[in-house]
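Visitor: Here you go, one structure.
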Amino acid sequence: MDKQPDEVADMFDDVAKHYDRTNAVLSVGNAYLWRLATVRAVAPQPGERILDLAAGTGTSSVALSHGGARVVAVDFSAGMIAEGRRKHKNIEFIEADIEKLPFGDDEFDAVSISFGLRNVNDPKRALAEMYRVLKPGGRVVICEFSKPPRALLRIGYGAYLKYVLPAVAGAASSNPAAYSYLAESIQEWPDQGQLSQWIRGAGFIRVAYRNLTSGVVALHRARKPVDAAVLASVAKRRQNATGTIATHPSAPNSKP
Ligand SMILES: C[S@@+](CC[C@H](N)C(=O)[O-])C[C@H]1O[C@@H](n2cnc3c(N)ncnc32)[C@H](O)[C@@H]1O
């Protein structure tokens, strides 16, 4: 499936105004529970600096900030950010592409991304950027649609995506085509095991996930290693794969 960044950003610009409402309707209220589980997994501490990627209108960012953490919300849709800034005055929004984050190495205590990684053109590159900007020992939490492990549920959910979602989106959203994209992108997205492998491949350790709503959504979590030798070996592996020269042991993709 083609996910041209300009087209994805335009699509979210179009749905920004009613995004939160449509989200609540289509998830039958589950979006709130998934957000709660994500915040618990991130476990923000007062004073920590937390990066919320694909933050959209900032609903997840504000939930992460409640305990006193400083949250930076990143998204590349100007429309979603404008809506976010209007709603949440205390959140810092930055318009940027997850694949090229405008931050230095080792800046954040935790990085979270909710329903964003699936929309990124090159998710492995996005994972590499998350790794780069995290401090050693930092936490990553990824909340994303996934595959229900039980066959019957998987079939029922497939039918929901194919028939019910487009019909409801037609009534509740200003851009029903965006929700056809949603259904297609969910069906093409890797399952829990494969996403775990991608996360490991980016250099993260202690990779684990738990299913929410019987696997309709999965919450993956992992850590950036602390051990200097491990950091250096990840950097070397990346360097060999990309042909770039790492200048910092925890910055596998940085150029000289
Ligand atoms: C489904 S929304 C999720 C919003 C929010 N995290 C939530 O849970 O409600 C996905 C967001 O990802 C953003 N996005 C997709 N690809 C991106 C990229 N490469 N860089 C920055 N933002 C991106 C879109 O603009 C959109 O706002």
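Residues are referred to by chain and number: the chain letter is A, B, ... according to the order shown in the structure tokens, the number counts from 1 in that chain, and ligands are numbered separately from 1 in the order shown.
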Neighbours of ligand 1 within 9 Å, counting only C-alpha atoms and all ligand atoms, as a ChimeraX atom specification?
Guide: /A:3,5,8-13,16,19-20,23,31,34-35,52-61,74-81,95-101,112-123,126,143-144,182
Visitor: Once DSSP has gone over the backbone, tell me which residues of segment 130-227 of chain A are in strand (DSSP E), as a VMD selection string.
Guide: chain A and resid 134 to 145 205 to 212 217 to 223
Visitor: Pull N, CA and C atoms from the residues just selected and write them as a PDB file, in the first residue's frame.
Guide:
ATOM      1  N   LEU A 134      15.979   8.471  22.002  1.00  0.00           N
ATOM      2  CA  LEU A 134      15.784   8.002  23.390  1.00  0.00           C
ATOM      3  C   LEU A 134      17.113   7.973  24.149  1.00  0.00           C
ATOM      4  N   LYS A 135      17.040   8.304  25.434  1.00  0.00           N
ATOM      5  CA  LYS A 135      18.218   8.132  26.285  1.00  0.00           C
ATOM      6  C   LYS A 135      18.485   6.641  26.459  1.00  0.00           C
ATOM      7  N   PRO A 136      19.742   6.221  26.693  1.00  0.00           N
ATOM      8  CA  PRO A 136      19.965   4.820  27.047  1.00  0.00           C
ATOM      9  C   PRO A 136      19.090   4.454  28.254  1.00  0.00           C
ATOM     10  N   GLY A 137      18.438   3.314  28.169  1.00  0.00           N
ATOM     11  CA  GLY A 137      17.517   2.910  29.243  1.00  0.00           C
ATOM     12  C   GLY A 137      16.113   3.448  29.034  1.00  0.00           C
ATOM     13  N   GLY A 138      15.935   4.314  28.035  1.00  0.00           N
ATOM     14  CA  GLY A 138      14.622   4.939  27.794  1.00  0.00           C
ATOM     15  C   GLY A 138      13.599   3.934  27.291  1.00  0.00           C
ATOM     16  N   ARG A 139      12.318   4.298  27.452  1.00  0.00           N
ATOM     17  CA  ARG A 139      11.208   3.380  27.124  1.00  0.00           C
ATOM     18  C   ARG A 139      10.519   3.793  25.838  1.00  0.00           C
ATOM     19  N   VAL A 140      10.132   2.798  25.069  1.00  0.00           N
ATOM     20  CA  VAL A 140       9.295   3.073  23.913  1.00  0.00           C
ATOM     21  C   VAL A 140       7.994   2.298  24.071  1.00  0.00           C
ATOM     22  N   VAL A 141       6.877   2.950  23.743  1.00  0.00           N
ATOM     23  CA  VAL A 141       5.566   2.291  23.801  1.00  0.00           C
ATOM     24  C   VAL A 141       4.845   2.567  22.479  1.00  0.00           C
ATOM     25  N   ILE A 142       4.387   1.488  21.863  1.00  0.00           N
ATOM     26  CA  ILE A 142       3.712   1.604  20.562  1.00  0.00           C
ATOM     27  C   ILE A 142       2.316   1.006  20.680  1.00  0.00           C
ATOM     28  N   CYS A 143       1.314   1.849  20.491  1.00  0.00           N
ATOM     29  CA  CYS A 143      -0.071   1.364  20.522  1.00  0.00           C
ATOM     30  C   CYS A 143      -0.574   1.372  19.077  1.00  0.00           C
ATOM     31  N   GLU A 144      -0.961   0.210  18.595  1.00  0.00           N
ATOM     32  CA  GLU A 144      -1.336   0.149  17.164  1.00  0.00           C
ATOM     33  C   GLU A 144      -2.360  -0.953  16.938  1.00  0.00           C
ATOM     34  N   PHE A 145      -3.164  -0.792  15.889  1.00  0.00           N
ATOM     35  CA  PHE A 145      -4.079  -1.864  15.519  1.00  0.00           C
ATOM     36  C   PHE A 145      -3.276  -3.114  15.217  1.00  0.00           C
ATOM     37  N   ILE A 205      15.658  -3.648  23.355  1.00  0.00           N
ATOM     38  CA  ILE A 205      15.679  -4.884  24.142  1.00  0.00           C
ATOM     39  C   ILE A 205      14.409  -4.952  24.994  1.00  0.00           C
ATOM     40  N   ARG A 206      14.232  -6.084  25.675  1.00  0.00           N
ATOM     41  CA  ARG A 206      13.067  -6.317  26.554  1.00  0.00           C
ATOM     42  C   ARG A 206      11.754  -6.016  25.815  1.00  0.00           C
ATOM     43  N   VAL A 207      11.665  -6.513  24.584  1.00  0.00           N
ATOM     44  CA  VAL A 207      10.477  -6.262  23.761  1.00  0.00           C
ATOM     45  C   VAL A 207       9.331  -7.178  24.237  1.00  0.00           C
ATOM     46  N   ALA A 208       8.197  -6.583  24.500  1.00  0.00           N
ATOM     47  CA  ALA A 208       7.028  -7.375  24.934  1.00  0.00           C
ATOM     48  C   ALA A 208       5.768  -6.674  24.428  1.00  0.00           C
ATOM     49  N   TYR A 209       4.689  -7.446  24.368  1.00  0.00           N
ATOM     50  CA  TYR A 209       3.425  -6.787  23.986  1.00  0.00           C
ATOM     51  C   TYR A 209       2.280  -7.411  24.752  1.00  0.00           C
ATOM     52  N   ARG A 210       1.194  -6.644  24.814  1.00  0.00           N
ATOM     53  CA  ARG A 210      -0.037  -7.243  25.337  1.00  0.00           C
ATOM     54  C   ARG A 210      -1.187  -6.804  24.452  1.00  0.00           C
ATOM     55  N   ASN A 211      -2.134  -7.725  24.289  1.00  0.00           N
ATOM     56  CA  ASN A 211      -3.289  -7.435  23.438  1.00  0.00           C
ATOM     57  C   ASN A 211      -4.328  -6.636  24.213  1.00  0.00           C
ATOM     58  N   LEU A 212      -4.935  -5.687  23.529  1.00  0.00           N
ATOM     59  CA  LEU A 212      -6.069  -4.949  24.085  1.00  0.00           C
ATOM     60  C   LEU A 212      -7.273  -5.272  23.204  1.00  0.00           C
ATOM     61  N   VAL A 217      -6.165  -4.317  19.072  1.00  0.00           N
ATOM     62  CA  VAL A 217      -5.046  -3.386  19.271  1.00  0.00           C
ATOM     63  C   VAL A 217      -3.978  -4.128  20.067  1.00  0.00           C
ATOM     64  N   ALA A 218      -2.708  -3.828  19.780  1.00  0.00           N
ATOM     65  CA  ALA A 218      -1.620  -4.386  20.605  1.00  0.00           C
ATOM     66  C   ALA A 218      -0.761  -3.248  21.126  1.00  0.00           C
ATOM     67  N   LEU A 219      -0.318  -3.430  22.366  1.00  0.00           N
ATOM     68  CA  LEU A 219       0.523  -2.432  23.019  1.00  0.00           C
ATOM     69  C   LEU A 219       1.920  -3.042  23.162  1.00  0.00           C
ATOM     70  N   HIS A 220       2.840  -2.560  22.344  1.00  0.00           N
ATOM     71  CA  HIS A 220       4.217  -3.066  22.408  1.00  0.00           C
ATOM     72  C   HIS A 220       5.046  -2.131  23.277  1.00  0.00           C
ATOM     73  N   ARG A 221       5.961  -2.717  24.021  1.00  0.00           N
ATOM     74  CA  ARG A 221       6.881  -1.876  24.786  1.00  0.00           C
ATOM     75  C   ARG A 221       8.281  -2.460  24.724  1.00  0.00           C
ATOM     76  N   ALA A 222       9.266  -1.596  24.895  1.00  0.00           N
ATOM     77  CA  ALA A 222      10.665  -2.037  24.824  1.00  0.00           C
ATOM     78  C   ALA A 222      11.543  -0.952  25.434  1.00  0.00           C
ATOM     79  N   ARG A 223      12.838  -1.289  25.546  1.00  0.00           N
ATOM     80  CA  ARG A 223      13.781  -0.303  26.100  1.00  0.00           C
ATOM     81  C   ARG A 223      15.003  -0.171  25.218  1.00  0.00           C
TER      82      ARG A 223
END
Visitor: Name the closest residue to Glu48 of chain A among the candidates A:Ile199, A:Leu36, A:Ala241, A:Ala110; distances are taken between atoms, counting only C-alpha atoms.
Guide: A:Ala110
Visitor: Do you know which residues are at most 6 Å from segment 146-160 of chain A counting only C-alpha atoms, after dropping those on the same chain fewer than 2 positions away, and could you put them as a PDB file with N, CA and C atoms, in the first residue's frame?
Guide:
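Result file result02.pdb:
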ATOM      1  N   LYS A 162     -14.363  -4.140   6.667  1.00  0.00           N
ATOM      2  CA  LYS A 162     -14.734  -4.076   5.253  1.00  0.00           C
ATOM      3  C   LYS A 162     -16.106  -3.419   5.041  1.00  0.00           C
ATOM      4  N   TYR A 163     -17.064  -3.728   5.913  1.00  0.00           N
ATOM      5  CA  TYR A 163     -18.436  -3.275   5.652  1.00  0.00           C
ATOM      6  C   TYR A 163     -18.939  -2.211   6.633  1.00  0.00           C
ATOM      7  N   VAL A 164     -18.706  -2.435   7.940  1.00  0.00           N
ATOM      8  CA  VAL A 164     -19.325  -1.539   8.928  1.00  0.00           C
ATOM      9  C   VAL A 164     -18.566  -0.204   8.993  1.00  0.00           C
ATOM     10  N   LEU A 165     -17.249  -0.295   9.090  1.00  0.00           N
ATOM     11  CA  LEU A 165     -16.462   0.925   9.252  1.00  0.00           C
ATOM     12  C   LEU A 165     -16.695   1.938   8.121  1.00  0.00           C
ATOM     13  N   ASP A 191       1.414  -8.458  12.138  1.00  0.00           N
ATOM     14  CA  ASP A 191       0.824  -8.903  13.404  1.00  0.00           C
ATOM     15  C   ASP A 191       1.796  -8.625  14.567  1.00  0.00           C
ATOM     16  N   SER A 214      -8.972  -7.943  22.849  1.00  0.00           N
ATOM     17  CA  SER A 214      -8.763  -9.262  22.218  1.00  0.00           C
ATOM     18  C   SER A 214      -7.833  -9.216  21.008  1.00  0.00           C
ATOM     19  N   GLY A 215      -6.925  -8.263  20.983  1.00  0.00           N
ATOM     20  CA  GLY A 215      -5.940  -8.235  19.893  1.00  0.00           C
ATOM     21  C   GLY A 215      -6.310  -7.318  18.734  1.00  0.00           C
ATOM     22  N   VAL A 216      -7.450  -6.636  18.852  1.00  0.00           N
ATOM     23  CA  VAL A 216      -7.783  -5.621  17.836  1.00  0.00           C
ATOM     24  C   VAL A 216      -6.664  -4.566  17.858  1.00  0.00           C
ATOM     25  N   VAL A 217      -6.165  -4.317  19.072  1.00  0.00           N
ATOM     26  CA  VAL A 217      -5.046  -3.386  19.271  1.00  0.00           C
ATOM     27  C   VAL A 217      -3.978  -4.128  20.067  1.00  0.00           C
ATOM     28  N   ALA A 218      -2.708  -3.828  19.780  1.00  0.00           N
ATOM     29  CA  ALA A 218      -1.620  -4.386  20.605  1.00  0.00           C
ATOM     30  C   ALA A 218      -0.761  -3.248  21.126  1.00  0.00           C
TER      31      ALA A 218
END
